[in-house]
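Asks: This one is my_file.csv, CSV, N, CA and C atoms.
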chain,number,residue,atom,x,y,z
A,1,MET,N,113.9,146.8,71.6
A,1,MET,CA,112.7,146.2,71.1
A,1,MET,C,111.6,146.7,72.0
A,2,LEU,N,110.6,147.3,71.4
A,2,LEU,CA,109.5,147.9,72.1
A,2,LEU,C,108.2,147.1,72.0
A,3,ILE,N,107.8,146.5,73.0
A,3,ILE,CA,106.6,145.7,73.0
A,3,ILE,C,105.6,146.3,74.1
A,4,ARG,N,104.4,146.4,73.7
A,4,ARG,CA,103.4,146.9,74.6
A,4,ARG,C,102.2,145.9,74.7
A,5,ILE,N,101.7,145.7,75.9
A,5,ILE,CA,100.6,144.8,76.0
A,5,ILE,C,99.4,145.6,76.6
A,6,ASP,N,98.3,145.0,76.4
A,6,ASP,CA,97.0,145.6,77.0
A,6,ASP,C,96.4,144.6,77.9
A,7,PRO,N,96.6,144.7,79.2
A,7,PRO,CA,96.1,143.7,80.1
A,7,PRO,C,94.5,143.6,80.1
A,8,SER,N,93.9,144.7,79.6
A,8,SER,CA,92.4,144.7,79.6
A,8,SER,C,91.9,144.1,78.3
A,9,SER,N,92.7,143.8,77.4
A,9,SER,CA,92.3,143.2,76.1
A,9,SER,C,91.8,141.7,76.3
A,10,ALA,N,90.9,141.3,75.5
A,10,ALA,CA,90.4,139.9,75.6
A,10,ALA,C,91.4,139.0,75.0
A,11,GLU,N,92.3,139.5,74.2
A,11,GLU,CA,93.4,138.7,73.6
A,11,GLU,C,94.4,138.3,74.7
A,12,PRO,N,94.8,137.0,74.8
A,12,PRO,CA,95.7,136.6,75.8
A,12,PRO,C,97.1,137.3,75.7
A,13,LEU,N,97.7,137.5,76.8
A,13,LEU,CA,98.9,138.3,76.8
A,13,LEU,C,100.0,137.6,76.0
A,14,PHE,N,100.1,136.3,76.0
A,14,PHE,CA,101.2,135.6,75.2
A,14,PHE,C,101.0,135.9,73.7
A,15,GLU,N,99.7,135.9,73.3
A,15,GLU,CA,99.4,136.2,71.9
A,15,GLU,C,99.8,137.6,71.5
A,16,GLN,N,99.5,138.6,72.4
A,16,GLN,CA,99.9,140.0,72.2
A,16,GLN,C,101.4,140.1,72.0
A,17,VAL,N,102.2,139.4,72.9
A,17,VAL,CA,103.6,139.4,72.8
A,17,VAL,C,104.1,138.8,71.4
A,18,GLY,N,103.5,137.6,71.1
A,18,GLY,CA,103.9,137.0,69.9
A,18,GLY,C,103.6,137.8,68.6
A,19,GLN,N,102.4,138.4,68.6
A,19,GLN,CA,102.0,139.2,67.4
A,19,GLN,C,102.9,140.4,67.3
A,20,GLN,N,103.3,141.0,68.4
A,20,GLN,CA,104.2,142.2,68.3
A,20,GLN,C,105.6,141.8,67.8
A,21,VAL,N,106.1,140.7,68.3
A,21,VAL,CA,107.4,140.2,67.8
A,21,VAL,C,107.3,139.9,66.3
A,22,ARG,N,106.2,139.2,65.9
A,22,ARG,CA,106.0,138.9,64.4
A,22,ARG,C,106.0,140.2,63.6
A,23,ALA,N,105.3,141.2,64.1
A,23,ALA,CA,105.2,142.4,63.4
A,23,ALA,C,106.6,143.1,63.3
A,24,LEU,N,107.4,143.1,64.3
A,24,LEU,CA,108.7,143.7,64.3
A,24,LEU,C,109.6,142.9,63.3
A,25,VAL,N,109.5,141.6,63.2
A,25,VAL,CA,110.3,140.8,62.3
A,25,VAL,C,109.8,141.2,60.9
A,26,ALA,N,108.5,141.2,60.7
A,26,ALA,CA,107.9,141.5,59.3
A,26,ALA,C,108.3,142.8,58.8
A,27,ARG,N,108.4,143.8,59.7
A,27,ARG,CA,108.8,145.2,59.3
A,27,ARG,C,110.3,145.3,59.1
A,28,GLY,N,111.0,144.3,59.5
A,28,GLY,CA,112.5,144.4,59.4
A,28,GLY,C,113.1,145.1,60.6
A,29,ASP,N,112.4,145.4,61.6
A,29,ASP,CA,112.9,146.0,62.8
A,29,ASP,C,113.8,145.0,63.6
A,30,LEU,N,113.5,143.7,63.4
A,30,LEU,CA,114.2,142.6,64.0
A,30,LEU,C,114.7,141.7,62.9
A,31,PRO,N,115.9,142.0,62.4
A,31,PRO,CA,116.4,141.2,61.3
A,31,PRO,C,116.9,139.8,61.8
A,32,VAL,N,117.0,138.9,60.8
A,32,VAL,CA,117.5,137.5,61.1
A,32,VAL,C,118.8,137.6,61.9
A,33,GLY,N,118.9,136.8,62.9
A,33,GLY,CA,120.1,136.8,63.8
A,33,GLY,C,120.0,137.7,65.0
A,34,THR,N,119.0,138.5,65.1
A,34,THR,CA,118.8,139.4,66.2
A,34,THR,C,118.5,138.6,67.4
A,35,ARG,N,119.1,138.8,68.5
A,35,ARG,CA,118.8,138.1,69.8
A,35,ARG,C,117.7,138.9,70.5
A,36,LEU,N,116.7,138.2,70.9
A,36,LEU,CA,115.6,138.8,71.7
A,36,LEU,C,116.0,138.8,73.2
A,37,PRO,N,115.3,139.6,73.9
A,37,PRO,CA,115.6,139.7,75.4
A,37,PRO,C,115.3,138.3,76.0
A,38,SER,N,116.0,138.0,77.0
A,38,SER,CA,115.7,136.7,77.7
A,38,SER,C,114.2,136.8,78.2
A,39,ALA,N,113.6,135.6,78.3
A,39,ALA,CA,112.2,135.6,78.7
A,39,ALA,C,112.0,136.2,80.1
A,40,ARG,N,113.0,136.0,80.9
A,40,ARG,CA,112.9,136.6,82.3
A,40,ARG,C,113.0,138.1,82.2
A,41,ASP,N,113.9,138.7,81.4
A,41,ASP,CA,114.0,140.1,81.2
A,41,ASP,C,112.8,140.8,80.6
A,42,LEU,N,112.3,140.1,79.6
A,42,LEU,CA,111.1,140.6,78.9
A,42,LEU,C,109.9,140.6,79.8
A,43,ALA,N,109.7,139.5,80.5
A,43,ALA,CA,108.6,139.4,81.5
A,43,ALA,C,108.7,140.5,82.6
A,44,ALA,N,109.9,140.7,83.0
A,44,ALA,CA,110.1,141.8,84.1
A,44,ALA,C,109.7,143.2,83.5
A,45,SER,N,110.2,143.4,82.2
A,45,SER,CA,109.9,144.7,81.7
A,45,SER,C,108.4,144.9,81.3
A,46,LEU,N,107.7,143.9,81.0
A,46,LEU,CA,106.3,143.9,80.7
A,46,LEU,C,105.4,143.8,82.0
A,47,ASP,N,106.0,143.4,83.1
A,47,ASP,CA,105.4,143.1,84.3
A,47,ASP,C,104.3,142.0,84.2
A,48,VAL,N,104.8,140.9,83.5
A,48,VAL,CA,103.9,139.7,83.3
A,48,VAL,C,104.7,138.5,83.9
A,49,ASN,N,104.0,137.4,84.0
A,49,ASN,CA,104.5,136.2,84.4
A,49,ASN,C,105.5,135.6,83.4
A,50,LEU,N,106.6,135.1,83.9
A,50,LEU,CA,107.6,134.5,83.0
A,50,LEU,C,107.0,133.5,82.0
A,51,HIS,N,106.1,132.7,82.5
A,51,HIS,CA,105.5,131.7,81.6
A,51,HIS,C,104.7,132.3,80.5
A,52,THR,N,104.2,133.5,80.6
A,52,THR,CA,103.5,134.2,79.5
A,52,THR,C,104.5,134.4,78.4
A,53,VAL,N,105.7,134.9,78.7
A,53,VAL,CA,106.7,135.2,77.7
A,53,VAL,C,107.2,133.8,77.1
A,54,LEU,N,107.4,132.9,78.0
A,54,LEU,CA,107.9,131.6,77.5
A,54,LEU,C,106.9,130.9,76.5
A,55,HIS,N,105.6,131.1,76.8
A,55,HIS,CA,104.5,130.6,75.9
A,55,HIS,C,104.6,131.3,74.5
A,56,ALA,N,104.8,132.6,74.6
A,56,ALA,CA,104.9,133.4,73.3
A,56,ALA,C,106.1,132.9,72.5
A,57,TYR,N,107.3,132.8,73.2
A,57,TYR,CA,108.5,132.4,72.6
A,57,TYR,C,108.4,131.0,72.0
A,58,GLN,N,107.7,130.1,72.7
A,58,GLN,CA,107.5,128.7,72.2
A,58,GLN,C,106.6,128.7,70.9
A,59,ASP,N,105.6,129.6,70.9
A,59,ASP,CA,104.7,129.7,69.7
A,59,ASP,C,105.5,130.2,68.5
A,60,LEU,N,106.4,131.2,68.8
A,60,LEU,CA,107.2,131.8,67.8
A,60,LEU,C,108.2,130.8,67.2
A,61,ARG,N,108.7,129.9,68.1
A,61,ARG,CA,109.6,128.8,67.7
A,61,ARG,C,108.9,127.8,66.9
A,62,ASP,N,107.7,127.5,67.3
A,62,ASP,CA,106.9,126.5,66.5
A,62,ASP,C,106.6,127.0,65.1
A,63,ASP,N,106.4,128.3,65.0
A,63,ASP,CA,106.1,128.9,63.7
A,63,ASP,C,107.4,129.2,62.9
A,64,GLY,N,108.5,128.9,63.4
A,64,GLY,CA,109.8,129.1,62.7
A,64,GLY,C,110.3,130.5,62.7
A,65,VAL,N,109.7,131.4,63.5
A,65,VAL,CA,110.1,132.8,63.5
A,65,VAL,C,111.4,133.0,64.3
A,66,ILE,N,111.5,132.2,65.4
A,66,ILE,CA,112.7,132.3,66.2
A,66,ILE,C,113.3,130.9,66.5
A,67,GLU,N,114.5,130.9,66.9
A,67,GLU,CA,115.2,129.6,67.4
A,67,GLU,C,115.4,129.8,68.8
A,68,LEU,N,115.2,128.8,69.6
A,68,LEU,CA,115.5,128.8,71.0
A,68,LEU,C,116.7,127.9,71.3
A,69,ARG,N,117.8,128.5,71.7
A,69,ARG,CA,119.0,127.7,72.0
A,69,ARG,C,119.5,127.9,73.4
A,70,ARG,N,119.9,126.9,74.0
A,70,ARG,CA,120.5,127.0,75.3
A,70,ARG,C,121.8,127.8,75.3
A,71,GLY,N,121.9,128.7,76.2
A,71,GLY,CA,123.1,129.6,76.2
A,71,GLY,C,123.0,130.8,75.3
A,72,ARG,N,122.2,130.7,74.2
A,72,ARG,CA,122.1,131.8,73.2
A,72,ARG,C,120.8,132.5,73.4
A,73,GLY,N,119.8,131.8,73.9
A,73,GLY,CA,118.5,132.4,74.1
A,73,GLY,C,117.7,132.4,72.8
A,74,ALA,N,116.8,133.3,72.6
A,74,ALA,CA,115.9,133.4,71.5
A,74,ALA,C,116.5,134.3,70.4
A,75,VAL,N,116.6,133.8,69.2
A,75,VAL,CA,117.2,134.5,68.1
A,75,VAL,C,116.3,134.4,66.9
A,76,VAL,N,116.1,135.6,66.2
A,76,VAL,CA,115.3,135.6,65.0
A,76,VAL,C,115.9,134.7,64.0
A,77,ALA,N,115.0,133.7,63.5
A,77,ALA,CA,115.5,132.7,62.6
A,77,ALA,C,115.0,132.9,61.1
A,78,HIS,N,113.9,133.6,61.0
A,78,HIS,CA,113.3,133.6,59.7
A,78,HIS,C,112.6,134.9,59.5
A,79,ALA,N,112.8,135.7,58.4
A,79,ALA,CA,112.1,136.9,58.2
A,79,ALA,C,111.5,136.8,56.8
A,80,PRO,N,110.3,136.4,56.7
A,80,PRO,CA,109.6,136.2,55.4
A,80,PRO,C,109.5,137.5,54.6
A,81,ASP,N,109.4,137.4,53.3
A,81,ASP,CA,109.2,138.6,52.5
A,81,ASP,C,107.7,139.0,52.5
A,82,HIS,N,107.3,140.0,53.2
A,82,HIS,CA,105.9,140.4,53.3
A,82,HIS,C,105.6,141.6,52.4
A,83,ALA,N,106.5,141.9,51.5
A,83,ALA,CA,106.3,143.1,50.6
A,83,ALA,C,104.9,143.0,49.9
A,84,PRO,N,104.5,141.9,49.3
A,84,PRO,CA,103.2,141.9,48.7
A,84,PRO,C,102.1,142.1,49.7
A,85,LEU,N,102.2,141.6,50.9
A,85,LEU,CA,101.2,141.8,51.9
A,85,LEU,C,101.1,143.3,52.3
A,86,HIS,N,102.3,144.0,52.4
A,86,HIS,CA,102.3,145.4,52.8
A,86,HIS,C,101.6,146.2,51.7
A,87,ARG,N,101.8,145.8,50.4
A,87,ARG,CA,101.2,146.6,49.3
A,87,ARG,C,99.7,146.4,49.4
A,88,ALA,N,99.2,145.1,49.7
A,88,ALA,CA,97.8,144.9,49.8
A,88,ALA,C,97.2,145.6,51.0
A,89,ILE,N,97.9,145.7,52.1
A,89,ILE,CA,97.4,146.4,53.3
A,89,ILE,C,97.3,147.9,52.9
A,90,ALA,N,98.3,148.4,52.2
A,90,ALA,CA,98.2,149.8,51.9
A,90,ALA,C,97.0,150.1,51.0
A,91,ALA,N,96.7,149.2,50.1
A,91,ALA,CA,95.5,149.4,49.3
A,91,ALA,C,94.2,149.3,50.1
A,92,VAL,N,94.2,148.4,51.1
A,92,VAL,CA,93.0,148.4,52.0
A,92,VAL,C,92.9,149.7,52.8
A,93,VAL,N,94.0,150.2,53.3
A,93,VAL,CA,94.0,151.4,54.1
A,93,VAL,C,93.5,152.6,53.2
A,94,ALA,N,94.0,152.6,52.0
A,94,ALA,CA,93.5,153.7,51.1
A,94,ALA,C,92.0,153.6,50.8
A,95,ALA,N,91.5,152.4,50.6
A,95,ALA,CA,90.1,152.2,50.3
A,95,ALA,C,89.3,152.6,51.5
A,96,ALA,N,89.7,152.2,52.7
A,96,ALA,CA,89.0,152.5,53.9
A,96,ALA,C,89.0,154.0,54.1
A,97,ARG,N,90.1,154.7,53.8
A,97,ARG,CA,90.1,156.2,53.9
A,97,ARG,C,89.1,156.8,52.9
A,98,ASP,N,89.2,156.3,51.7
A,98,ASP,CA,88.3,156.8,50.6
A,98,ASP,C,86.8,156.7,51.0
A,99,LEU,N,86.5,155.6,51.7
A,99,LEU,CA,85.1,155.3,52.1
A,99,LEU,C,84.7,155.8,53.5
A,100,ASP,N,85.7,156.6,54.1
A,100,ASP,CA,85.5,157.1,55.4
A,100,ASP,C,85.1,156.0,56.4
A,101,VAL,N,85.7,154.9,56.3
A,101,VAL,CA,85.5,153.8,57.3
A,101,VAL,C,86.5,154.1,58.5
A,102,PRO,N,85.9,154.1,59.7
A,102,PRO,CA,86.7,154.4,60.9
A,102,PRO,C,87.8,153.3,61.0
A,103,PRO,N,89.0,153.6,61.5
A,103,PRO,CA,90.0,152.6,61.7
A,103,PRO,C,89.6,151.4,62.5
A,104,ALA,N,88.8,151.6,63.6
A,104,ALA,CA,88.4,150.5,64.4
A,104,ALA,C,87.5,149.5,63.6
A,105,THR,N,86.7,150.1,62.7
A,105,THR,CA,85.8,149.2,61.9
A,105,THR,C,86.7,148.5,60.9
A,106,ALA,N,87.6,149.1,60.3
A,106,ALA,CA,88.5,148.5,59.3
A,106,ALA,C,89.3,147.3,59.9
A,107,VAL,N,89.8,147.6,61.1
A,107,VAL,CA,90.5,146.5,61.8
A,107,VAL,C,89.6,145.3,62.2
A,108,ALA,N,88.4,145.6,62.6
A,108,ALA,CA,87.4,144.6,62.9
A,108,ALA,C,87.1,143.8,61.7
A,109,LEU,N,86.9,144.4,60.6
A,109,LEU,CA,86.6,143.7,59.3
A,109,LEU,C,87.8,142.8,58.9
A,110,LEU,N,89.0,143.3,59.1
A,110,LEU,CA,90.2,142.5,58.7
A,110,LEU,C,90.3,141.3,59.6
A,111,LYS,N,90.1,141.5,60.9
A,111,LYS,CA,90.2,140.4,61.9
A,111,LYS,C,89.2,139.3,61.5
A,112,GLU,N,88.0,139.8,61.2
A,112,GLU,CA,86.9,138.8,60.8
A,112,GLU,C,87.3,138.0,59.6
A,113,ALA,N,87.9,138.7,58.6
A,113,ALA,CA,88.2,138.1,57.4
A,113,ALA,C,89.4,137.1,57.6
A,114,LEU,N,90.2,137.3,58.6
A,114,LEU,CA,91.3,136.4,58.8
A,114,LEU,C,90.9,135.1,59.6
A,115,ARG,N,89.7,135.1,60.1
A,115,ARG,CA,89.3,134.0,60.9
A,115,ARG,C,88.9,132.8,60.0
Can the structure from this file be put into structure tokens for me?
Replies:
Amino acid sequence: MLIRIDPSSAEPLFEQVGQQVRALVARGDLPVGTRLPSARDLAASLDVNLHTVLHAYQDLRDDGVIELRRGRGAVVAHAPDHAPLHRAIAAVVAAARDLDVPPATAVALLKEALR
């Protein structure tokens, strides 16, 4: 599982971790039943505080993406079907390319629309 964080980003580190896990699950890179690294191991590999990863895992649990079980750790619990969303995103990407909209601008517009 490859997760990268940007310490200079305005987005909190726990949110970066959570969003990347969600993306991995949505793409099918982490299928249901996959065990995530322990919070301690992931925190060490990302060089962040243990509580940062625990916060991300708790948010993922609250959203039903993972289950947290003593002795088993964090396990992917739910992988929703995002195929319609992937098609819509592909259409947005194609439109942005056709209109020569820079990727950073397209991302900013998408983030604004999601708020």
Asks: I'd like the neighbourhood of Gly18 of chain A as a PyMOL selection string, where a residue qualifies if any of its atoms comes within 7 Å (using all atoms listed in the file), though same-chain residues fewer than 5 positions away should be ignored.
Replies: chain A and resi 13+23+56-57+60
Asks: Keeping only N, CA and C atoms, write those residues as a compact mmCIF listing (two decimals), keeping the file's coordinate frame.
Replies:
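Ended up saving to out_37.txt:
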# COMPACT_ATOMS: atom_id res chain seq x y z
N LEU A 13 97.70 137.50 76.80
CA LEU A 13 98.90 138.30 76.80
C LEU A 13 100.00 137.60 76.00
N ALA A 23 105.30 141.20 64.10
CA ALA A 23 105.20 142.40 63.40
C ALA A 23 106.60 143.10 63.30
N ALA A 56 104.80 132.60 74.60
CA ALA A 56 104.90 133.40 73.30
C ALA A 56 106.10 132.90 72.50
N TYR A 57 107.30 132.80 73.20
CA TYR A 57 108.50 132.40 72.60
C TYR A 57 108.40 131.00 72.00
N LEU A 60 106.40 131.20 68.80
CA LEU A 60 107.20 131.80 67.80
C LEU A 60 108.20 130.80 67.20
Asks: How many Å separate atom CA of Ala108 of chain A from atom C of Arg4 of chain A?
Replies: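 Computed distance, atom CA of Ala108 of chain A to atom C of Arg4 of chain A, equals 19.0 Å.
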Asks: Quick check, in Å to one decimal: how far apart do atom C of Val92 of chain A and atom N of Val107 of chain A lie?
Replies: 9.1 Å
Asks: Which residues are near Thr34 of chain A? Cut-off 8 Å, all atoms listed in the file, ignore same chain within fewer than 6 positions. Put them as an mmCIF file with N, CA and C atoms, in the frame of the given file.
Replies:
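Writing the result to out-v4.cif gives the following:
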data_model
loop_
_atom_site.group_PDB
_atom_site.id
_atom_site.type_symbol
_atom_site.label_atom_id
_atom_site.label_comp_id
_atom_site.auth_asym_id
_atom_site.auth_seq_id
_atom_site.Cartn_x
_atom_site.Cartn_y
_atom_site.Cartn_z
ATOM 1 N N ALA A 74 116.800 133.300 72.600
ATOM 2 C CA ALA A 74 115.900 133.400 71.500
ATOM 3 C C ALA A 74 116.500 134.300 70.400
ATOM 4 N N VAL A 75 116.600 133.800 69.200
ATOM 5 C CA VAL A 75 117.200 134.500 68.100
ATOM 6 C C VAL A 75 116.300 134.400 66.900
ATOM 7 N N VAL A 76 116.100 135.600 66.200
ATOM 8 C CA VAL A 76 115.300 135.600 65.000
ATOM 9 C C VAL A 76 115.900 134.700 64.000
ATOM 10 N N ALA A 77 115.000 133.700 63.500
ATOM 11 C CA ALA A 77 115.500 132.700 62.600
ATOM 12 C C ALA A 77 115.000 132.900 61.100
#
Asks: Run DSSP on the backbone and grab whatever in chain A lands in alpha helix (DSSP H); send it over as a VMD selection string.
Replies: chain A and resid 13 to 27 39 to 46 50 to 62 83 to 98 103 to 114
Asks: Can you tell me how far atom N of Val17 of chain A sits from atom CA of Ala96 of chain A, in Å to one decimal?
Replies: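 Atom CA of Ala96 of chain A lies 26.6 Å from atom N of Val17 of chain A.
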Asks: Running DSSP on the backbone, which parts of chain A land in strand (DSSP E or B), as a PyMOL selection string?
Replies: chain A and resi 35+66-69+73-76
Asks: Identify which of the residues A:His86, A:Lys111, A:Arg22, A:Arg35 lies closest to Arg72 of chain A, counting only N, CA and C atoms when measuring atom-to-atom distances.
Replies: A:Arg35
Asks: Using only N, CA and C atoms for the distances, tell me which of A:Gly71, A:Arg97, A:His55, A:Val32 is nearest to Glu15 of chain A.
Replies: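 Residue with the minimum atom-to-atom distance to Glu15 of chain A: A:His55.
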Asks: Taking all atoms listed in the file into account, which of A:His78, A:Val53, A:Ile3, A:Gln20 comes nearest Gly33 of chain A?
Replies: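 Checking each of A:His78, A:Val53, A:Ile3, A:Gln20 against Gly33 of chain A, counting all atoms listed in the file, the winner is A:His78.
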Asks: Skipping near chain neighbours, those fewer than 3 positions away, what residues fall within 10 Å of Arg40 of chain A using only C-alpha atoms, listed as a short mmCIF file (atom, residue, chain, number, x, y, z; two decimals) with N, CA and C atoms, keeping the file's coordinate frame?
Replies:
data_model
loop_
_atom_site.label_atom_id
_atom_site.label_comp_id
_atom_site.auth_asym_id
_atom_site.auth_seq_id
_atom_site.Cartn_x
_atom_site.Cartn_y
_atom_site.Cartn_z
N PRO A 37 115.30 139.60 73.90
CA PRO A 37 115.60 139.70 75.40
C PRO A 37 115.30 138.30 76.00
N ALA A 43 109.70 139.50 80.50
CA ALA A 43 108.60 139.40 81.50
C ALA A 43 108.70 140.50 82.60
N ALA A 44 109.90 140.70 83.00
CA ALA A 44 110.10 141.80 84.10
C ALA A 44 109.70 143.20 83.50
N SER A 45 110.20 143.40 82.20
CA SER A 45 109.90 144.70 81.70
C SER A 45 108.40 144.90 81.30
N LEU A 46 107.70 143.90 81.00
CA LEU A 46 106.30 143.90 80.70
C LEU A 46 105.40 143.80 82.00
N VAL A 48 104.80 140.90 83.50
CA VAL A 48 103.90 139.70 83.30
C VAL A 48 104.70 138.50 83.90
N ASN A 49 104.00 137.40 84.00
CA ASN A 49 104.50 136.20 84.40
C ASN A 49 105.50 135.60 83.40
N LEU A 50 106.60 135.10 83.90
CA LEU A 50 107.60 134.50 83.00
C LEU A 50 107.00 133.50 82.00
N HIS A 51 106.10 132.70 82.50
CA HIS A 51 105.50 131.70 81.60
C HIS A 51 104.70 132.30 80.50
N VAL A 53 105.70 134.90 78.70
CA VAL A 53 106.70 135.20 77.70
C VAL A 53 107.20 133.80 77.10
N LEU A 54 107.40 132.90 78.00
CA LEU A 54 107.90 131.60 77.50
C LEU A 54 106.90 130.90 76.50
#
